[in-house]
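What follows is the content of protein_35.txt (compact mmCIF, C-alpha atoms and all ligand atoms).
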```txt
# COMPACT_ATOMS: atom_id res chain seq x y z
CA TYR H 2 -8.39 116.30 186.05
CA GLU H 3 -11.08 114.39 184.26
CA SER H 4 -13.66 117.09 184.85
CA LEU H 5 -14.18 120.08 187.11
CA THR H 6 -17.03 122.54 187.55
CA VAL H 7 -16.41 126.18 186.87
CA ALA H 8 -16.54 126.85 190.60
CA GLU H 9 -13.99 124.12 191.35
CA LEU H 10 -11.66 125.36 188.68
CA ALA H 11 -11.97 128.92 189.94
CA LYS H 12 -11.05 127.77 193.41
CA LYS H 13 -8.02 125.88 192.16
CA LEU H 14 -6.85 128.89 190.20
CA ASN H 15 -7.60 131.24 193.07
CA ARG H 16 -9.94 133.39 190.95
CA GLU H 17 -13.54 134.48 191.12
CA PRO H 18 -15.92 132.14 189.27
CA SER H 19 -17.30 135.13 187.40
CA GLU H 20 -13.85 135.84 186.03
CA ILE H 21 -13.56 132.27 184.80
CA ILE H 22 -16.97 132.46 183.17
CA LYS H 23 -15.90 135.65 181.43
CA LYS H 24 -12.68 134.08 180.26
CA LEU H 25 -14.52 131.03 179.00
CA PHE H 26 -16.90 133.28 177.12
CA MET H 27 -13.99 135.04 175.44
CA LEU H 28 -12.61 131.65 174.52
CA GLY H 29 -15.91 130.77 172.96
CA VAL H 30 -17.29 128.56 175.73
CA MET H 31 -20.59 129.42 177.35
CA ALA H 32 -20.65 128.16 180.91
CA THR H 33 -22.51 128.57 184.18
CA ILE H 34 -20.94 128.29 187.61
CA ASN H 35 -21.94 124.69 188.30
CA GLN H 36 -21.28 123.41 184.86
CA SER H 37 -18.67 120.74 184.48
CA LEU H 38 -15.90 121.52 182.10
CA ASP H 39 -14.15 118.95 179.98
CA LYS H 40 -10.42 118.52 179.80
CA ASP H 41 -10.06 120.73 176.73
CA ALA H 42 -11.90 123.64 178.31
CA ILE H 43 -9.90 123.32 181.52
CA GLU H 44 -6.65 123.29 179.56
CA LEU H 45 -7.71 126.29 177.54
CA VAL H 46 -8.42 128.37 180.64
CA CYS H 47 -5.27 127.23 182.40
CA ALA H 48 -3.12 127.97 179.37
CA ASP H 49 -4.56 131.45 179.34
CA TYR H 50 -3.47 131.92 182.92
CA GLY H 51 -0.12 130.37 182.18
CA VAL H 52 -0.85 127.45 184.53
CA GLU H 53 0.19 123.99 183.54
CA VAL H 54 -2.38 121.26 183.96
CA GLU H 55 -1.02 118.30 185.79
CA GLU H 56 -2.81 115.17 184.86
CA GLU H 57 -3.92 113.36 187.93
CA VAL H 58 -2.91 109.74 187.88
CA ARG H 59 -6.15 107.88 187.75
CA ILE H 60 -6.11 105.03 190.19
CA ASP H 61 -7.64 101.79 189.09
CA LYS H 62 -10.27 101.18 191.75
CA THR H 63 -10.67 97.58 190.67
CA ASP H 64 -7.02 96.81 191.40
CA LEU H 65 -7.05 95.56 195.00
CA ASN H 66 -3.28 96.02 195.30
CA VAL H 67 -3.82 99.77 195.19
CA TYR H 68 -5.48 99.66 198.59
CA PHE H 69 -2.47 97.88 200.05
CA GLU H 70 -0.21 100.71 199.01
CA GLU H 71 -2.11 103.36 200.95
CA GLU H 72 0.11 104.44 203.79
CA ASP H 73 -1.12 105.05 207.29
CA PRO H 74 -0.10 108.11 209.26
CA GLU H 75 2.65 107.22 211.71
CA GLU H 76 0.56 108.22 214.72
CA ALA H 77 -2.22 105.80 213.72
CA LEU H 78 0.09 102.79 213.90
CA VAL H 79 0.10 100.40 216.83
CA GLU H 80 1.96 97.18 217.50
CA ARG H 81 0.50 94.06 215.94
CA PRO H 82 1.21 90.35 216.42
CA PRO H 83 3.71 88.63 214.12
CA VAL H 84 2.48 86.19 211.49
CA VAL H 85 4.64 83.08 211.47
CA THR H 86 5.03 80.26 208.94
CA ILE H 87 6.70 76.97 209.78
CA MET H 88 8.72 75.34 207.04
CA GLY H 89 11.19 72.50 206.71
CA HIS H 90 11.91 69.14 205.14
CA VAL H 91 9.21 66.48 205.10
CA ASP H 92 9.03 64.47 208.36
CA HIS H 93 11.27 66.88 210.22
CA GLY H 94 8.35 67.76 212.48
CA LYS H 95 6.42 70.77 211.13
CA THR H 96 2.99 69.38 211.96
CA THR H 97 4.12 68.12 215.35
CA THR H 98 5.62 71.53 216.15
CA LEU H 99 2.42 73.35 215.13
CA ASP H 100 0.44 70.92 217.32
CA ALA H 101 2.80 71.40 220.27
CA ILE H 102 2.47 75.17 219.99
CA ARG H 103 -1.29 74.92 219.73
CA HIS H 104 -1.34 72.92 222.96
CA THR H 105 0.42 75.68 224.86
CA ARG H 106 -2.63 77.86 224.66
CA VAL H 107 -4.39 78.06 227.94
CA THR H 108 -7.17 80.05 226.40
CA GLU H 109 -8.88 77.06 224.84
CA ALA H 110 -10.41 75.58 227.94
CA GLU H 111 -10.99 78.99 229.48
CA ALA H 112 -12.71 80.30 226.42
CA GLY H 113 -14.87 77.22 226.35
CA GLY H 114 -14.55 77.18 222.63
CA ILE H 115 -13.79 74.33 220.35
CA THR H 116 -10.55 74.57 218.45
CA GLN H 117 -11.39 74.39 214.85
CA HIS H 118 -9.21 74.19 211.88
CA ILE H 119 -9.40 77.47 210.04
CA GLY H 120 -5.93 77.46 208.50
CA ALA H 121 -4.34 79.66 211.12
CA TYR H 122 -4.36 80.13 214.87
CA GLN H 123 -3.14 82.49 217.53
CA VAL H 124 -1.36 81.85 220.79
CA ASP H 125 -1.17 84.29 223.64
CA ILE H 126 2.07 84.55 225.62
CA ASN H 127 1.71 86.86 228.60
CA GLY H 128 -0.59 89.13 226.68
CA LYS H 129 1.43 89.07 223.47
CA LYS H 130 -0.07 87.25 220.56
CA ILE H 131 1.54 85.25 217.76
CA THR H 132 -0.35 84.17 214.66
CA PHE H 133 0.64 80.86 213.10
CA LEU H 134 -0.29 79.88 209.60
CA ASP H 135 -1.42 76.32 209.90
CA THR H 136 -0.51 75.32 206.40
CA PRO H 137 3.07 74.24 206.64
CA GLY H 138 4.28 73.71 203.20
CA HIS H 139 6.31 75.46 200.70
CA GLU H 140 3.61 75.32 198.14
CA ALA H 141 1.28 77.53 200.12
CA PHE H 142 4.11 79.98 200.71
CA THR H 143 5.14 80.03 197.07
CA THR H 144 1.57 80.31 195.81
CA MET H 145 0.92 83.26 198.07
CA ARG H 146 4.11 84.96 197.05
CA ALA H 147 3.52 84.27 193.39
CA ARG H 148 0.19 86.02 193.75
CA GLY H 149 1.87 88.98 195.34
CA ALA H 150 0.73 88.31 198.86
CA GLN H 151 3.33 88.67 201.50
CA ILE H 152 1.73 87.69 204.75
CA THR H 153 4.52 86.08 206.75
CA ASP H 154 6.68 88.14 209.08
CA ILE H 155 8.87 85.35 210.43
CA VAL H 156 9.76 81.89 209.11
CA VAL H 157 10.58 79.09 211.54
CA ILE H 158 12.60 76.41 209.80
CA VAL H 159 12.34 73.03 211.47
CA VAL H 160 15.35 70.78 211.03
CA ALA H 161 15.44 67.27 212.51
CA ALA H 162 18.60 66.90 214.57
CA ASP H 163 18.97 63.25 213.55
CA ASP H 164 18.71 64.01 209.85
CA GLY H 165 20.27 67.41 209.25
CA VAL H 166 19.91 69.78 206.34
CA MET H 167 17.89 68.27 203.49
CA PRO H 168 16.74 69.57 200.07
CA GLN H 169 13.50 71.08 201.38
CA THR H 170 15.41 72.71 204.22
CA VAL H 171 17.47 74.55 201.64
CA GLU H 172 14.33 75.36 199.67
CA ALA H 173 12.75 76.84 202.79
CA ILE H 174 15.84 78.97 203.45
CA ASN H 175 15.73 80.25 199.87
CA HIS H 176 12.03 81.08 200.11
CA ALA H 177 12.52 83.01 203.31
CA LYS H 178 15.54 84.85 201.95
CA ALA H 179 13.75 85.74 198.71
CA ALA H 180 10.89 87.14 200.76
CA ASN H 181 13.35 88.96 203.00
CA VAL H 182 11.78 87.43 206.10
CA PRO H 183 13.79 86.71 209.26
CA ILE H 184 14.50 83.04 209.95
CA ILE H 185 14.49 81.21 213.27
CA VAL H 186 15.85 77.67 213.24
CA ALA H 187 14.11 75.08 215.41
CA VAL H 188 16.43 72.11 215.79
CA ASN H 189 13.88 69.37 216.40
CA LYS H 190 13.90 65.80 217.73
CA ILE H 191 16.60 66.50 220.28
CA ASP H 192 15.06 63.71 222.40
CA LYS H 193 16.40 61.16 219.94
CA PRO H 194 19.62 59.39 220.92
CA THR H 195 20.92 59.92 217.41
CA ALA H 196 20.26 63.65 217.56
CA ASN H 197 23.22 65.83 216.65
CA PRO H 198 22.24 69.51 216.94
CA ASP H 199 25.82 70.69 216.45
CA ARG H 200 25.94 69.07 213.07
CA VAL H 201 22.74 70.89 212.05
CA MET H 202 24.25 74.21 213.10
CA GLN H 203 27.47 73.41 211.27
CA GLU H 204 25.61 72.48 208.09
CA LEU H 205 23.49 75.62 208.19
CA THR H 206 26.50 77.93 208.34
CA GLU H 207 26.97 77.05 204.69
CA TYR H 208 23.70 78.82 203.99
CA GLY H 209 24.58 81.91 205.94
CA LEU H 210 22.65 80.90 209.05
CA ILE H 211 25.20 81.33 211.80
CA PRO H 212 24.31 80.99 215.49
CA GLU H 213 24.86 83.93 217.79
CA ASP H 214 27.39 81.93 219.82
CA TRP H 215 29.47 81.57 216.68
CA GLY H 216 29.37 85.25 215.86
CA GLY H 217 26.31 85.21 213.64
CA ASP H 218 22.82 86.55 214.18
CA THR H 219 20.56 83.56 213.59
CA ILE H 220 18.54 82.28 216.49
CA PHE H 221 18.64 78.51 216.98
CA VAL H 222 16.26 76.84 219.41
CA PRO H 223 16.67 73.16 220.28
CA ILE H 224 13.24 71.54 220.64
CA SER H 225 11.47 68.26 220.94
CA ALA H 226 8.11 68.87 219.39
CA LEU H 227 7.03 65.38 220.38
CA LYS H 228 7.77 65.94 224.06
CA GLY H 229 6.87 69.62 224.06
CA GLU H 230 10.39 70.61 225.09
CA GLY H 231 11.81 73.97 224.07
CA ILE H 232 8.47 75.18 222.73
CA ASP H 233 8.25 78.02 225.26
CA GLN H 234 11.74 79.20 224.31
CA LEU H 235 10.80 79.04 220.64
CA LEU H 236 7.76 81.23 221.28
CA GLU H 237 9.86 83.68 223.29
CA MET H 238 12.36 83.94 220.46
CA ILE H 239 9.58 84.58 217.97
CA LEU H 240 8.37 87.46 220.14
CA LEU H 241 11.90 88.79 220.36
CA VAL H 242 12.37 88.80 216.59
CA ALA H 243 8.91 90.35 216.20
CA GLU H 244 9.86 93.15 218.57
CA VAL H 245 13.00 93.91 216.60
CA SER H 246 10.93 93.96 213.39
CA GLU H 247 8.59 96.61 214.88
CA LEU H 248 5.48 95.21 213.25
CA LYS H 249 2.73 97.78 213.18
CA ALA H 250 -0.74 98.30 211.78
CA ASN H 251 -3.60 100.78 211.92
CA PRO H 252 -6.69 99.25 213.52
CA ASN H 253 -8.75 102.33 212.70
CA ARG H 254 -9.25 101.88 209.01
CA ARG H 255 -11.22 99.62 206.71
CA ALA H 256 -9.72 96.15 206.70
CA ILE H 257 -7.44 94.70 204.05
CA GLY H 258 -5.83 91.28 204.02
CA THR H 259 -5.41 87.92 202.38
CA VAL H 260 -7.34 84.67 201.98
CA ILE H 261 -5.65 81.78 203.80
CA GLU H 262 -8.07 79.16 202.55
CA ALA H 263 -11.60 78.92 201.22
CA ARG H 264 -14.19 76.28 200.47
CA LEU H 265 -17.82 75.72 199.67
CA ASP H 266 -19.84 74.53 202.66
CA LYS H 267 -23.13 72.79 202.02
CA GLY H 268 -25.03 74.73 204.60
CA ARG H 269 -23.09 77.98 204.92
CA GLY H 270 -22.12 78.59 201.34
CA SER H 271 -18.78 80.19 200.61
CA VAL H 272 -16.54 79.97 203.68
CA ALA H 273 -13.20 81.77 203.69
CA THR H 274 -10.45 82.12 206.27
CA LEU H 275 -9.04 85.61 206.07
CA LEU H 276 -5.98 87.06 207.66
CA VAL H 277 -6.59 90.69 208.50
CA GLN H 278 -3.36 92.51 207.68
CA ASN H 279 -4.40 96.05 208.39
CA GLY H 280 -7.51 97.73 209.75
CA THR H 281 -10.36 96.08 211.59
CA LEU H 282 -12.78 93.68 209.91
CA ARG H 283 -16.36 93.75 211.21
CA VAL H 284 -19.53 91.78 210.76
CA GLY H 285 -21.62 93.60 208.16
CA ASP H 286 -18.64 95.02 206.26
CA PRO H 287 -19.05 95.26 202.47
CA ILE H 288 -16.09 93.38 201.08
CA VAL H 289 -14.39 92.41 197.84
CA VAL H 290 -12.39 89.18 198.06
CA GLY H 291 -10.41 88.23 194.97
CA ASN H 292 -12.95 88.19 192.18
CA THR H 293 -15.99 87.92 194.39
CA PHE H 294 -17.74 90.16 196.90
CA GLY H 295 -20.37 90.23 199.58
CA ARG H 296 -21.05 91.39 203.07
CA VAL H 297 -19.44 89.73 206.09
CA ARG H 298 -22.40 87.76 207.45
CA ALA H 299 -20.74 85.92 210.34
CA MET H 300 -17.21 85.69 211.70
CA VAL H 301 -15.72 82.83 213.69
CA ASN H 302 -12.27 82.87 215.29
CA ASP H 303 -9.76 80.02 215.60
CA LEU H 304 -11.42 78.86 218.82
CA GLY H 305 -14.70 78.39 217.04
CA ARG H 306 -16.27 81.38 218.74
CA ARG H 307 -18.37 83.97 217.02
CA VAL H 308 -16.71 87.35 216.96
CA LYS H 309 -17.89 90.75 215.79
CA GLU H 310 -14.54 92.16 214.79
CA ALA H 311 -11.01 91.11 213.91
CA THR H 312 -7.98 93.35 214.39
CA PRO H 313 -4.65 93.24 212.46
CA ALA H 314 -2.91 89.84 212.23
CA THR H 315 -6.06 88.02 213.34
CA PRO H 316 -7.31 85.06 211.33
CA VAL H 317 -11.08 84.67 211.04
CA GLU H 318 -13.45 82.53 209.09
CA ILE H 319 -16.17 84.46 207.32
CA THR H 320 -19.36 83.71 205.43
CA GLY H 321 -21.36 85.98 203.19
CA LEU H 322 -19.42 85.91 199.91
CA HIS H 323 -21.16 85.16 196.64
CA GLU H 324 -18.46 82.84 195.33
CA VAL H 325 -15.52 80.92 196.76
CA PRO H 326 -12.28 82.91 196.51
CA GLN H 327 -8.81 81.36 196.24
CA ALA H 328 -6.03 81.06 198.78
CA GLY H 329 -3.71 84.01 198.30
CA ASP H 330 -6.47 86.31 197.03
CA ARG H 331 -6.50 89.74 198.60
CA PHE H 332 -9.52 91.32 200.23
CA VAL H 333 -10.54 94.93 200.74
CA VAL H 334 -13.44 96.36 202.74
CA PHE H 335 -15.30 99.23 201.07
CA GLU H 336 -17.33 102.12 202.36
CA ASP H 337 -20.64 100.76 201.07
CA GLU H 338 -22.21 97.72 199.48
CA LYS H 339 -22.71 99.45 196.14
CA THR H 340 -19.00 100.10 195.71
CA ALA H 341 -18.09 96.57 196.80
CA ARG H 342 -20.60 95.16 194.33
CA GLU H 343 -19.36 97.34 191.46
CA ILE H 344 -15.72 96.49 192.05
CA GLY H 345 -16.45 92.81 192.73
CA GLU H 346 -18.51 92.48 189.57
CA ALA H 347 -15.94 94.33 187.48
CA ARG H 348 -13.24 92.01 188.78
CA ALA H 349 -15.33 88.90 188.10
CA GLN H 350 -15.93 90.17 184.58
CA MET H 351 -12.24 90.82 183.99
CA ALA H 352 -11.34 87.38 185.34
CA LEU H 353 -13.90 85.77 183.05
CA GLN H 354 -12.55 87.61 180.05
CA ALA H 355 -9.00 86.69 180.96
CA SER H 356 -9.86 83.02 181.29
CA ARG H 357 -11.77 83.10 177.98
CA ALA H 358 -8.82 84.70 176.27
CA GLN H 359 -6.58 82.07 177.78
CA LYS H 360 -8.85 79.27 176.61
CA SER H 361 -9.09 80.54 173.08
CA ARG H 362 -5.34 80.94 173.03
CA LEU H 363 -4.98 77.37 174.20
CA THR H 364 -7.24 76.08 171.45
CA LEU H 365 -5.32 78.12 168.92
CA ASP H 366 -2.07 76.68 170.23
CA ASN H 367 -3.52 73.19 170.02
CA LEU H 368 -4.57 73.90 166.48
CA PHE H 369 -1.08 74.97 165.53
CA GLU H 370 0.38 71.96 167.25
CA GLN H 371 -1.78 69.68 165.18
CA MET H 372 -0.83 71.38 161.95
P1 LIG D 401 6.27 67.05 208.97
O1 LIG D 401 6.25 66.21 207.74
O2 LIG D 401 7.42 68.01 208.94
O3 LIG D 401 4.98 67.72 209.26
O4 LIG D 401 6.62 66.06 210.17
P2 LIG D 401 5.66 65.50 211.29
O5 LIG D 401 5.32 66.52 212.29
O6 LIG D 401 4.52 64.80 210.64
O7 LIG D 401 6.61 64.46 212.01
C1 LIG D 401 7.18 63.35 211.30
C2 LIG D 401 7.48 62.23 212.27
O8 LIG D 401 8.45 62.65 213.20
C3 LIG D 401 6.27 61.82 213.10
O9 LIG D 401 6.27 60.42 213.26
C4 LIG D 401 6.49 62.50 214.43
O10 LIG D 401 5.91 61.83 215.51
C5 LIG D 401 8.00 62.51 214.54
N1 LIG D 401 8.49 63.61 215.36
C6 LIG D 401 8.19 64.92 215.22
N2 LIG D 401 8.81 65.63 216.16
C7 LIG D 401 9.52 64.78 216.90
C8 LIG D 401 10.38 64.92 218.05
O11 LIG D 401 10.60 66.00 218.59
N3 LIG D 401 10.96 63.78 218.53
C9 LIG D 401 10.73 62.58 217.97
N4 LIG D 401 11.34 61.54 218.52
N5 LIG D 401 9.92 62.41 216.93
C10 LIG D 401 9.33 63.49 216.37
MG MG D 402 3.17 67.64 208.13
```
Turn the structure described in the file into C-alpha cells.
Ligand code: GDP
Ligand code: MG
Amino acid sequence: YESLTVAELAKKLNREPSEIIKKLFMLGVMATINQSLDKDAIELVCADYGVEVEEEVRIDKTDLNVYFEEEDPEEALVERPPVVTIMGHVDHGKTTTLDAIRHTRVTEAEAGGITQHIGAYQVDINGKKITFLDTPGHEAFTTMRARGAQITDIVVIVVAADDGVMPQTVEAINHAKAANVPIIVAVNKIDKPTANPDRVMQELTEYGLIPEDWGGDTIFVPISALKGEGIDQLLEMILLVAEVSELKANPNRRAIGTVIEARLDKGRGSVATLLVQNGTLRVGDPIVVGNTFGRVRAMVNDLGRRVKEATPATPVEITGLHEVPQAGDRFVVFEDEKTAREIGEARAQMALQASRAQKSRLTLDNLFEQM
C-alpha cells in the first residue's frame, strides 16, 4: 500500500486504532487516528504483528489497455452482435460484397435516414444484428492488430470463382489464423460462365480450409455479389458462426472500444468513428481516445441519425474530441471529466516525449550515417 491512515491500517489488521497508535508510539512514531502513514511506518507495525505486507500492484491509469483487461461478472454479460471484416484478393469482389450486404437492409428507408459512410455499418436479420467493418483491406486489419486492437470476430474471405486462390487470399487466411478468428469463405462471381467454385474449394484445402461436405469445418458460401445472389445465406452463416462463438458483452458499464477512422472536419472539428466493444457509450460521456480526450458532444449512427447511446458492437461517429485520434486507437470512458482530462493530457505528454525522443534518435542516426 502506498499509504494508509491509522484507522485503515487498524481495520486491515483487525485491531483497535488506539492499539495501533500505542504501538506506533513505542516504535517512535507519533500518530493520530486519521493520519496517513508512509510505507515504512506501515511495514514497521506489520512486522511487529508478524504480518507480511503485500505490495499492491499499482495499475497505470494512463495505460488504456488496462481497462480492457477488466473482467465483467458472468451474470452481467449479454449476447452482442458479431463484428465482421471482409478480406480477399484485389478485384475478387470485397467492395461489391459489402455493397450488396448494405443493400439488404430494409431499415434504411424505414428509418428515413441517409446512409453515410462512417467506416462501419450494421445490418439487421430478423432482429439479429451484424456489424461490418467497411474498410476491406489487409492494411487496416494489420494496423489494428499491430496496435493491439482486436476488433474482428469473424473474417469473410472473398475468392473469385473465376480466378481462384491468389497471393492476397493467402495473406488474408494467414491474418485471420494469426488472430485466431473464424473464417467463412464466400466464393464470389458464380454468375460468370468461367466460374469454377470446386477449384476454389480444392485450392483452399491446401490451407486447411476444408468444406463441411468434405469432412472439414469451414463454411463455404457461393455468391454473386454483383447479382445479390447468396448474400442472405452468407449473412445466415455469419450469424451461425457468431452463435457458436458466444459473443458477449456487458452493456451496463462505461464504454471501451476502438477507433475505426478519424478525420478533421471543417465545421465539426475532430470527427471519429468508434466501435463500442463493451459497455454503453452515451452523449456527454467524458472520454479518452488514444492520446486525446473530450466529452462526447454528438453521436451519429451509420444511418446518419443522431443517437444518444451506443451499445456493444455498435459503430458511431462522435464529435467533441480535442484532437484527431488515429485508426486503431483505443478509447475509454471515465467517471468524470477531470479524470478524462488528466489521463488524456498525460497520454498526450507521453506521446510528445516519445516522438521527440524518436526524432532526436533519428538525427543522431543521421549524424552517424554521415560520419
Ligand atoms: P475488390 O477489389 O475486392 O473490392 O473488388 P470489387 O468489389 O471492386 O470488384 C472488382 C470487379 O469485379 C468489379 O468490376 C465488380 O463489378 C466485379 N464483380 C464483383 N463481384 C462480382 C460478381 O459477383 N460477378 C461478376 N460478374 N462480377 C463481379
Ligand atoms: Mg475494393
*What's the 8 Å shell around stretch 254-268 of chain H, counting all atoms listed in the file, without same-chain residues fewer than 5 positions away, as an MDAnalysis selection string?*
chainID H and resid 68:69 119:121 150 152 273:282 290 325:336
*Would you list the residues that come within 7 Å of ligand LIG 401 (chain D)? Count only C-alpha atoms and all ligand atoms and give the answer as a list in words.*
Gly89, His90, Val91, Asp92, His93, Gly94, Lys95, Thr96, Thr97, Thr98, Asn189, Lys190, Ile191, Asp192, Lys193, Ile224, Ser225, Ala226, Leu227 and Lys228 of chain H
*How far is it from atom CA of H:Ala314 to atom CA of H:Pro83, in Å with one decimal?*
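We find that atom CA of H:Ala314 and atom CA of H:Pro83 lie 7.0 Å from each other.
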*Which residue of H:Met31, H:Ala180, H:Leu240, H:Val160 approaches H:Arg200 most closely, using only C-alpha atoms*: H:Val160
*Could you tell me how far atom CA of H:Val7 lies from atom CA of H:Thr340, in Å and to one decimal?*
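It comes out at 27.7 Å.
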_Just to confirm, what's the straight-line distance from atom CA of H:Val188 to atom CA of H:Pro223 in Å (one decimal)?_
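Atom CA of H:Pro223 lies at a distance of 4.6 Å from atom CA of H:Val188.
Candidate residues H:Thr320, H:Ser19, H:Ser271, H:Ile87 were compared for distance to ligand MG 402 (chain D), and the nearest is H:Ile87, using all atoms listed in the file.
Restricting the calculation to all atoms listed in the file, the smallest distance between H:Leu25 and any of H:Trp215, H:Asp49, H:Leu5, H:Ala101 is found for H:Asp49.
With distances taken over only C-alpha atoms and all ligand atoms, H:Leu99 is the one residue among H:Leu99, H:Val84, H:Val54, H:Val245 lying closest to ligand MG 402 (chain D).
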*stretch 203-212 of chain H environment, 10 Å, all atoms listed in the file, sequence neighbours closer than 6 positions dropped, as a PyMOL selection string*: chain H and resi 160+165-167+170-171+174-175+184-186+218-222
Using C-alpha atoms, can you write the selected residues to a file as a tab-separated table (two decimals), in the coordinates of the input?
```tsv
chain	number	residue	atom	x	y	z
H	160	VAL	CA	15.35	70.78	211.03
H	165	GLY	CA	20.27	67.41	209.25
H	166	VAL	CA	19.91	69.78	206.34
H	167	MET	CA	17.89	68.27	203.49
H	170	THR	CA	15.41	72.71	204.22
H	171	VAL	CA	17.47	74.55	201.64
H	174	ILE	CA	15.84	78.97	203.45
H	175	ASN	CA	15.73	80.25	199.87
H	184	ILE	CA	14.50	83.04	209.95
H	185	ILE	CA	14.49	81.21	213.27
H	186	VAL	CA	15.85	77.67	213.24
H	218	ASP	CA	22.82	86.55	214.18
H	219	THR	CA	20.56	83.56	213.59
H	220	ILE	CA	18.54	82.28	216.49
H	221	PHE	CA	18.64	78.51	216.98
H	222	VAL	CA	16.26	76.84	219.41
```
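Each of H:Gly291, H:Ile158, H:Gln234, H:Glu44 was checked against H:Asn66 using only C-alpha atoms; the smallest atom-to-atom distance is that of H:Gly291.
Between ligand MG 402 (chain D) and the candidates H:Asp100, H:Glu247, H:Glu75, H:Asp39, the tightest atom-to-atom separation, counting all atoms listed in the file, involves H:Asp100.
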_Cut-off 12 Å around (-19.0, 85.6, 218.2) with all atoms listed in the file: residues as a PyMOL selection string_ = chain H and resi 112+114+283-284+298-311+317-319
Would you write out those residues with C-alpha atoms, as a tab-separated table (two decimals), in the coordinates of the input?
```tsv
chain	number	residue	atom	x	y	z
H	112	ALA	CA	-12.71	80.30	226.42
H	114	GLY	CA	-14.55	77.18	222.63
H	283	ARG	CA	-16.36	93.75	211.21
H	284	VAL	CA	-19.53	91.78	210.76
H	298	ARG	CA	-22.40	87.76	207.45
H	299	ALA	CA	-20.74	85.92	210.34
H	300	MET	CA	-17.21	85.69	211.70
H	301	VAL	CA	-15.72	82.83	213.69
H	302	ASN	CA	-12.27	82.87	215.29
H	303	ASP	CA	-9.76	80.02	215.60
H	304	LEU	CA	-11.42	78.86	218.82
H	305	GLY	CA	-14.70	78.39	217.04
H	306	ARG	CA	-16.27	81.38	218.74
H	307	ARG	CA	-18.37	83.97	217.02
H	308	VAL	CA	-16.71	87.35	216.96
H	309	LYS	CA	-17.89	90.75	215.79
H	310	GLU	CA	-14.54	92.16	214.79
H	311	ALA	CA	-11.01	91.11	213.91
H	317	VAL	CA	-11.08	84.67	211.04
H	318	GLU	CA	-13.45	82.53	209.09
H	319	ILE	CA	-16.17	84.46	207.32
```
*Counting all atoms listed in the file, what is within 9 Å of H:Thr195, bar same-chain residues fewer than 4 positions away, as a list in words?*
Ala162, Asp163, Asp164 and Ile191 of chain H
For C-alpha atoms, I'd like the residues from the last selection saved as an mmCIF file, in the frame of the given file.
```cif
data_model
loop_
_atom_site.group_PDB
_atom_site.id
_atom_site.type_symbol
_atom_site.label_atom_id
_atom_site.label_comp_id
_atom_site.auth_asym_id
_atom_site.auth_seq_id
_atom_site.Cartn_x
_atom_site.Cartn_y
_atom_site.Cartn_z
ATOM 1 C CA ALA H 162 18.600 66.900 214.570
ATOM 2 C CA ASP H 163 18.970 63.250 213.550
ATOM 3 C CA ASP H 164 18.710 64.010 209.850
ATOM 4 C CA ILE H 191 16.600 66.500 220.280
#
```
